[in-house]
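Engineer: input-v5.txt is reproduced below (compact mmCIF, C-alpha atoms).
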```
# COMPACT_ATOMS: atom_id res chain seq x y z
CA MET T 1 70.01 95.53 41.14
CA LEU T 2 67.04 95.79 38.82
CA SER T 3 66.56 99.36 37.71
CA ARG T 4 63.67 101.29 36.28
CA VAL T 5 63.60 101.37 32.51
CA ALA T 6 65.31 104.43 31.01
CA ARG T 7 62.96 107.35 30.42
CA PRO T 8 62.03 108.26 26.86
CA VAL T 9 63.58 111.54 25.77
CA ALA T 10 62.76 114.11 23.12
CA THR T 11 65.29 114.48 20.34
CA ALA T 12 65.77 117.21 17.76
CA ALA T 13 64.48 114.94 15.01
CA GLY T 14 60.80 115.80 15.12
CA LEU T 15 60.42 114.98 18.84
CA SER T 16 60.72 111.28 18.07
CA ARG T 17 61.15 109.13 21.14
CA SER T 18 64.28 107.13 21.85
CA PHE T 19 64.60 104.33 24.34
CA SER T 20 67.63 102.84 26.01
CA GLY T 21 67.93 99.40 24.46
CA SER T 22 64.59 99.58 22.63
CA SER T 23 64.24 98.43 19.06
CA GLN T 24 61.35 98.81 16.70
CA SER T 25 58.41 96.47 16.99
CA ASN T 26 55.01 96.21 15.38
CA ALA T 27 52.73 96.06 18.40
CA LYS T 28 49.07 96.84 17.82
CA VAL T 29 47.91 99.03 20.71
CA ALA T 30 44.37 100.21 21.38
CA VAL T 31 43.46 103.30 23.39
CA LEU T 32 39.88 103.14 24.67
CA GLY T 33 38.75 106.67 25.48
CA ALA T 34 41.13 108.15 22.92
CA SER T 35 39.26 111.45 22.46
CA GLY T 36 39.40 112.47 26.10
CA GLY T 37 41.71 114.65 28.16
CA ILE T 38 44.08 111.76 28.88
CA GLY T 39 43.38 109.79 25.71
CA GLN T 40 44.53 112.44 23.22
CA PRO T 41 47.99 113.21 24.70
CA LEU T 42 48.46 109.50 25.50
CA SER T 43 47.71 108.63 21.87
CA LEU T 44 50.18 111.29 20.73
CA LEU T 45 52.94 109.77 22.87
CA LEU T 46 52.15 106.27 21.61
CA LYS T 47 52.13 107.51 18.00
CA ASN T 48 55.67 108.85 18.58
CA SER T 49 56.99 105.48 19.76
CA PRO T 50 58.97 103.11 17.51
CA LEU T 51 57.48 100.27 19.57
CA VAL T 52 53.99 100.85 18.13
CA GLY T 53 53.22 99.59 14.63
CA GLU T 54 49.49 100.15 14.70
CA LEU T 55 47.46 102.49 16.91
CA SER T 56 43.76 101.74 17.28
CA LEU T 57 41.79 104.65 18.73
CA TYR T 58 38.30 104.13 20.15
CA ASP T 59 35.77 106.45 21.74
CA ILE T 60 32.08 107.34 21.57
CA ALA T 61 32.81 110.72 19.93
CA HIS T 62 35.43 112.51 17.79
CA THR T 63 37.81 109.58 17.16
CA PRO T 64 37.89 109.89 13.36
CA GLY T 65 39.15 113.47 13.79
CA VAL T 66 41.71 112.55 16.43
CA ALA T 67 42.95 109.69 14.22
CA ALA T 68 43.18 111.93 11.14
CA ASP T 69 45.10 114.54 13.13
CA LEU T 70 47.59 112.04 14.56
CA GLY T 71 47.84 110.25 11.22
CA HIS T 72 49.66 113.26 9.72
CA ILE T 73 52.60 112.87 12.13
CA GLU T 74 55.77 111.59 10.47
CA THR T 75 56.18 108.37 12.45
CA ARG T 76 55.59 104.83 11.28
CA ALA T 77 52.60 103.84 13.45
CA LYS T 78 49.42 103.48 11.41
CA VAL T 79 46.47 105.18 13.14
CA THR T 80 42.81 104.17 12.78
CA GLY T 81 39.85 105.74 14.55
CA TYR T 82 36.79 103.75 15.65
CA LEU T 83 33.53 105.35 16.75
CA GLY T 84 30.76 103.87 18.90
CA ALA T 85 30.04 100.48 20.41
CA GLU T 86 29.38 98.77 17.06
CA GLN T 87 32.98 99.47 15.98
CA LEU T 88 34.60 98.37 19.25
CA PRO T 89 35.19 94.73 18.17
CA ALA T 90 37.08 95.91 15.08
CA ALA T 91 39.14 98.31 17.21
CA LEU T 92 40.25 95.47 19.48
CA LYS T 93 40.87 92.74 16.92
CA GLY T 94 44.53 91.63 16.97
CA CYS T 95 45.57 94.01 19.76
CA GLU T 96 48.52 93.02 21.93
CA MET T 97 47.95 95.84 24.42
CA VAL T 98 44.87 97.83 25.40
CA VAL T 99 45.18 101.03 27.44
CA ILE T 100 41.92 102.28 29.01
CA PRO T 101 41.74 105.94 30.11
CA ALA T 102 37.97 106.14 29.38
CA GLY T 103 35.68 107.69 31.96
CA VAL T 104 34.70 110.95 33.60
CA PRO T 105 37.34 113.17 35.24
CA ARG T 106 37.31 114.40 38.83
CA LYS T 107 35.96 117.84 39.64
CA PRO T 108 36.74 119.96 42.72
CA GLY T 109 35.42 118.32 45.89
CA MET T 110 35.21 114.86 44.31
CA THR T 111 37.21 111.85 45.41
CA ARG T 112 38.27 109.15 42.99
CA ASP T 113 35.62 106.97 44.60
CA ASP T 114 32.92 109.49 43.61
CA LEU T 115 33.59 108.47 40.01
CA PHE T 116 32.64 104.88 40.72
CA THR T 117 29.06 104.70 39.43
CA THR T 118 29.84 106.09 35.98
CA ASN T 119 33.31 104.68 35.45
CA ALA T 120 32.51 101.21 36.79
CA SER T 121 29.97 100.67 34.00
CA ILE T 122 32.35 102.04 31.36
CA VAL T 123 35.24 99.81 32.47
CA ALA T 124 32.98 96.75 32.74
CA ASP T 125 31.69 97.23 29.18
CA LEU T 126 35.14 97.88 27.72
CA THR T 127 36.90 95.02 29.51
CA GLU T 128 34.10 92.65 28.50
CA ALA T 129 34.77 93.61 24.87
CA CYS T 130 38.52 93.02 25.47
CA ALA T 131 37.81 89.59 26.97
CA ARG T 132 35.75 88.67 23.92
CA HIS T 133 37.87 90.17 21.11
CA CYS T 134 41.49 90.24 22.36
CA PRO T 135 41.63 87.94 25.41
CA GLU T 136 45.42 87.53 25.21
CA ALA T 137 46.17 91.27 25.22
CA MET T 138 47.83 93.16 28.07
CA ILE T 139 45.10 95.23 29.74
CA CYS T 140 46.26 98.53 31.28
CA VAL T 141 43.49 100.34 33.16
CA ILE T 142 43.88 104.04 33.94
CA SER T 143 40.18 104.76 34.63
CA ASN T 144 39.53 105.71 38.26
CA PRO T 145 38.90 104.52 40.88
CA VAL T 146 41.67 102.03 40.00
CA ASN T 147 41.28 100.34 43.40
CA SER T 148 37.83 99.22 42.17
CA THR T 149 38.19 99.12 38.38
CA ILE T 150 40.93 96.47 38.44
CA PRO T 151 38.77 94.06 40.47
CA ILE T 152 35.98 94.80 37.96
CA ALA T 153 38.24 93.92 35.01
CA THR T 154 39.38 90.75 36.79
CA GLU T 155 35.87 89.54 37.55
CA ILE T 156 34.74 90.23 33.96
CA PHE T 157 37.64 88.19 32.55
CA LYS T 158 36.93 85.40 35.05
CA LYS T 159 33.25 85.28 34.05
CA LEU T 160 34.24 84.80 30.42
CA GLY T 161 36.85 82.14 31.28
CA VAL T 162 39.89 84.01 29.90
CA TYR T 163 41.44 85.45 33.06
CA ASN T 164 45.22 85.69 33.31
CA PRO T 165 46.39 87.54 36.47
CA ASN T 166 49.71 88.38 34.82
CA LYS T 167 48.08 90.50 32.11
CA ILE T 168 45.74 92.92 33.94
CA PHE T 169 47.34 96.08 35.34
CA GLY T 170 46.06 99.08 37.23
CA VAL T 171 48.29 101.91 36.01
CA SER T 172 49.50 103.63 39.20
CA THR T 173 52.65 104.98 37.52
CA LEU T 174 51.61 108.59 38.08
CA ASP T 175 52.14 108.10 41.82
CA VAL T 176 55.72 107.00 41.08
CA VAL T 177 56.29 109.91 38.68
CA ARG T 178 55.03 112.38 41.29
CA ALA T 179 57.11 110.81 44.07
CA ASN T 180 60.25 111.02 41.91
CA THR T 181 59.53 114.66 41.05
CA PHE T 182 58.71 115.81 44.58
CA VAL T 183 61.71 114.04 46.17
CA ALA T 184 63.99 115.54 43.50
CA GLU T 185 62.59 119.03 44.16
CA LEU T 186 63.08 118.63 47.92
CA LYS T 187 66.65 117.32 47.66
CA GLY T 188 67.89 119.30 44.64
CA LEU T 189 68.31 116.18 42.47
CA ASP T 190 67.72 115.42 38.79
CA PRO T 191 64.20 113.87 38.78
CA ALA T 192 65.17 111.65 35.83
CA ARG T 193 67.66 109.92 38.15
CA VAL T 194 65.38 109.45 41.15
CA SER T 195 63.41 106.22 41.63
CA VAL T 196 60.85 105.86 44.42
CA PRO T 197 58.71 102.70 44.59
CA VAL T 198 55.06 103.45 45.41
CA ILE T 199 53.00 100.59 46.79
CA GLY T 200 49.43 100.00 48.00
CA GLY T 201 46.61 101.45 45.93
CA HIS T 202 45.87 104.50 43.81
CA ALA T 203 43.77 106.78 46.01
CA GLY T 204 44.50 108.96 49.03
CA LYS T 205 46.02 107.14 51.96
CA THR T 206 46.26 103.87 50.02
CA ILE T 207 49.12 105.51 48.05
CA ILE T 208 52.29 104.59 49.97
CA PRO T 209 55.60 106.03 48.71
CA LEU T 210 58.60 104.07 49.98
CA ILE T 211 61.02 106.93 50.52
CA SER T 212 63.26 104.58 52.52
CA GLN T 213 63.85 102.61 49.30
CA CYS T 214 64.54 105.67 47.14
CA ASN T 215 67.43 105.33 44.71
CA PRO T 216 69.65 107.29 45.29
CA LYS T 217 69.24 107.07 49.06
CA VAL T 218 67.88 110.24 50.64
CA GLU T 219 67.58 111.38 54.23
CA ILE T 220 64.41 113.31 55.06
CA PRO T 221 63.48 114.44 58.61
CA GLN T 222 60.23 112.93 59.96
CA ASP T 223 58.22 116.17 59.82
CA LYS T 224 59.18 116.76 56.18
CA LEU T 225 58.66 113.06 55.40
CA GLN T 226 55.08 113.25 56.68
CA ALA T 227 54.39 116.36 54.59
CA LEU T 228 56.02 114.84 51.50
CA THR T 229 54.01 111.63 51.85
CA GLU T 230 50.76 113.57 52.20
CA ARG T 231 51.62 115.69 49.14
CA ILE T 232 52.20 112.55 47.04
CA GLN T 233 48.94 111.04 48.31
CA GLU T 234 46.94 114.19 47.55
CA ALA T 235 48.77 115.29 44.38
CA GLY T 236 45.76 114.50 42.20
CA THR T 237 43.61 116.82 44.29
CA GLU T 238 46.32 119.49 43.95
CA VAL T 239 45.83 119.37 40.16
CA VAL T 240 42.02 119.28 40.38
CA LYS T 241 42.05 122.41 42.55
CA ALA T 242 44.59 124.18 40.32
CA LYS T 243 42.44 123.52 37.24
CA ALA T 244 39.47 125.04 39.10
CA GLY T 245 36.76 122.87 37.60
CA ALA T 246 38.41 122.37 34.22
CA GLY T 247 39.37 118.74 34.88
CA SER T 248 41.92 116.55 36.62
CA ALA T 249 45.45 115.37 35.82
CA THR T 250 45.54 114.68 32.08
CA LEU T 251 49.00 115.54 30.72
CA SER T 252 50.95 113.99 33.60
CA MET T 253 48.65 110.95 33.54
CA ALA T 254 49.16 110.57 29.79
CA TYR T 255 52.93 110.70 30.34
CA ALA T 256 52.73 108.13 33.14
CA GLY T 257 50.44 105.86 31.12
CA ALA T 258 52.80 106.02 28.16
CA ARG T 259 55.78 105.31 30.39
CA PHE T 260 54.10 102.16 31.72
CA ALA T 261 53.05 101.07 28.23
CA PHE T 262 56.58 101.56 26.85
CA SER T 263 58.09 99.59 29.74
CA LEU T 264 55.63 96.74 29.22
CA MET T 265 56.25 96.71 25.45
CA ASP T 266 60.00 96.66 26.04
CA ALA T 267 59.57 93.64 28.31
CA MET T 268 57.27 91.93 25.80
CA ASN T 269 60.04 92.41 23.22
CA GLY T 270 62.50 90.56 25.44
CA LYS T 271 64.26 93.39 27.27
CA GLU T 272 65.41 92.13 30.67
CA GLY T 273 65.26 93.85 34.05
CA VAL T 274 62.21 96.02 33.33
CA VAL T 275 60.50 96.96 36.61
CA GLU T 276 57.40 99.09 37.15
CA CYS T 277 54.94 99.40 40.02
CA ALA T 278 51.30 98.57 39.21
CA PHE T 279 48.09 97.68 41.04
CA VAL T 280 47.54 93.97 40.41
CA ARG T 281 46.16 90.75 41.86
CA SER T 282 48.55 90.00 44.68
CA GLU T 283 49.36 87.67 47.57
CA GLU T 284 51.97 90.01 49.07
CA THR T 285 49.62 91.36 51.79
CA GLU T 286 46.20 90.59 53.27
CA SER T 287 44.68 92.70 50.46
CA PRO T 288 43.81 90.64 47.35
CA TYR T 289 45.11 93.45 45.12
CA PHE T 290 48.15 95.56 45.89
CA SER T 291 50.64 97.68 43.99
CA THR T 292 54.30 96.65 44.28
CA PRO T 293 57.33 96.71 42.00
CA LEU T 294 56.87 94.07 39.28
CA LEU T 295 59.46 92.46 37.06
CA LEU T 296 57.85 92.52 33.62
CA GLY T 297 58.43 89.97 30.89
CA LYS T 298 57.11 88.65 27.57
CA ASN T 299 53.91 87.37 29.19
CA GLY T 300 53.24 90.27 31.55
CA ILE T 301 54.19 89.89 35.20
CA GLU T 302 57.27 87.70 35.43
CA LYS T 303 57.78 88.16 39.16
CA ASN T 304 56.19 90.20 41.93
CA LEU T 305 59.12 91.80 43.75
CA GLY T 306 57.07 92.45 46.88
CA LEU T 307 57.25 95.24 49.43
CA GLY T 308 60.93 95.00 50.33
CA LYS T 309 62.18 96.23 53.72
CA LEU T 310 59.83 98.89 55.11
CA SER T 311 60.55 101.53 57.70
CA ALA T 312 58.33 101.67 60.80
CA PHE T 313 56.62 104.74 59.30
CA GLU T 314 55.87 102.84 56.06
CA GLU T 315 54.61 99.76 57.94
CA LYS T 316 52.14 102.04 59.72
CA LEU T 317 50.99 103.51 56.39
CA VAL T 318 50.37 100.00 55.00
CA ALA T 319 48.34 99.02 58.07
CA GLU T 320 46.28 102.22 57.90
CA ALA T 321 45.51 101.70 54.18
CA MET T 322 44.14 98.17 54.46
CA SER T 323 40.52 98.78 55.42
CA GLU T 324 39.95 101.41 52.71
CA LEU T 325 41.75 99.30 50.12
CA LYS T 326 39.76 96.16 50.86
CA ALA T 327 36.47 98.08 50.86
CA SER T 328 37.22 99.56 47.42
CA ILE T 329 38.16 96.14 46.06
CA LYS T 330 34.95 94.57 47.40
CA LYS T 331 32.94 97.41 45.86
CA GLY T 332 34.36 96.53 42.43
CA GLU T 333 33.79 92.80 42.87
CA ASP T 334 30.21 93.34 44.08
CA PHE T 335 29.50 95.58 41.09
CA VAL T 336 30.22 92.71 38.70
CA LYS T 337 28.24 90.22 40.81
CA ASN T 338 25.18 92.47 40.69
CA ARG T 339 25.62 93.49 37.04
CA LYS T 340 22.88 92.34 34.70
```
Output the file's structure in the form of structure tokens.

Structural biologist:
Amino acid sequence: MLSRVARPVATAAGLSRSFSGSSQSNAKVAVLGASGGIGQPLSLLLKNSPLVGELSLYDIAHTPGVAADLGHIETRAKVTGYLGAEQLPAALKGCEMVVIPAGVPRKPGMTRDDLFTTNASIVADLTEACARHCPEAMICVISNPVNSTIPIATEIFKKLGVYNPNKIFGVSTLDVVRANTFVAELKGLDPARVSVPVIGGHAGKTIIPLISQCNPKVEIPQDKLQALTERIQEAGTEVVKAKAGAGSATLSMAYAGARFAFSLMDAMNGKEGVVECAFVRSEETESPYFSTPLLLGKNGIEKNLGLGKLSAFEEKLVAEAMSELKASIKKGEDFVKNRK
């Protein structure tokens, strides 16, 4: 049985991160949107990792200060800040992984789809720069709406003739992290030992937690299962409301983004059996993009592990998600077609 990669843990030695089976590497990783609410804590977590040799921070404001601040931390990763579009090529040169949290956050009353107009342009510009300056890098997109921004990234890479479907990921890990946490709370379990696959997309009802495939196995009555599923689907809105206009999920998203990045770097370094869910180009359903558990390897996606055996409740959730998912995907593809 392939298991989720072991979680990083804090140790007494300066909160350095340790990984089960991980060794040091010298990966050059770029964070695009490094000065933002997700970008700063994400960059901190990456700076703490022995897997990162060089950390390249890019944004349109404040990155020299963020880089100077992180550069004083007693870990080996070298940090450089890049500011403005003219410095973006230098930020990307030689990168093996690019993580993109850039964009505007949700405010109360907004859906992820409401972010489309602004974030679509940002992701298109940044992924075009990636396609030109580090076409072989792993591209990990956090910017919402992921159901549309991943098709945008794909179409940009296709236009420039450097598309590799195994290397472009929509980071939906936060849905998995939330599912693990909420199931553990409900059943009195250690959340670090709970693993719930989450498939579909990364917005509202397209988020489909597979509680029937939870490891360890849990039994949840149908009424509680419905409520739990809805809480996982609307967990982002829960945070937006709790922050009362001060932003959306930043710290938990930074954690989830780092978790995905560490898993992918482990796999790139040759660790076997690394599995994470992500929103990717897929032939597993009628939707051209779909999140499922993926076996990761040196070149990105080694194998799509598919949906597995679904309960009748989960099959219904998949069917109900399809029209919204396909509409969001088409919206992203059309954006690139109509882009000047």

Engineer: I need the residue nearest Pro197 (chain T) from this list: T:Lys331, T:Arg106, T:Arg178, T:Arg112. Use all atoms listed in the file for the distance.

Structural biologist: T:Arg178

Engineer: Please produce, as CSV, a per-residue contact table for region 154-272 of chain T versus region 119-139 of chain T (criterion: any atom at most 7 Å away, all atoms listed in the file considered), showing the nearest atom pair and its distance in Å to one decimal, sorted by chain then residue number.

Structural biologist:
```
residue,atom,partner,partner_atom,distance
T:Ile156,CA,T:Glu128,CA,6.0
T:Phe157,CA,T:Ala131,CA,5.8
T:Leu160,CA,T:Ala131,CA,6.9
T:Val162,CA,T:Pro135,CA,6.2
T:Lys167,CA,T:Met138,CA,4.8
T:Ile168,CA,T:Ile139,CA,4.8
T:Phe169,CA,T:Ile139,CA,6.1
```

Engineer: Considering all atoms listed in the file, state which residue in the set T:Val318, T:Met97, T:Ala90, T:Ala61 is at the smallest distance from Ala258 (chain T).

Structural biologist: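 Of T:Val318, T:Met97, T:Ala90, T:Ala61, the one nearest Ala258 (chain T) is T:Met97, counting all atoms listed in the file.
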
Engineer: Between T:Ala203, T:Val198, T:Ala312, T:Ala278, which is the closest to Val171 (chain T) once you count all atoms listed in the file?

Structural biologist: T:Ala278

Engineer: My list of candidates is T:Glu315, T:Glu302, T:Glu284, T:Asp334. Which is closest to Asn166 (chain T) when distances are computed with only C-alpha atoms?

Structural biologist: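 Result for the nearest residue to Asn166 (chain T): T:Glu302.
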
Engineer: Have a look at CA of Tyr289 (chain T) and CA of Leu251 (chain T) and let me know their distance in Å, one decimal.

Structural biologist: 26.7 Å

Engineer: Return the single residue from T:Thr250, T:Ser143, T:Ser43, T:Gln87 that is closest to Leu70 (chain T), with distances computed using all atoms listed in the file.

Structural biologist: T:Ser43

Engineer: Considering only C-alpha atoms, can you say which of T:Gly94, T:Pro145, T:Gly306, T:Gly297 comes closest to Asp113 (chain T)?

Structural biologist: T:Pro145
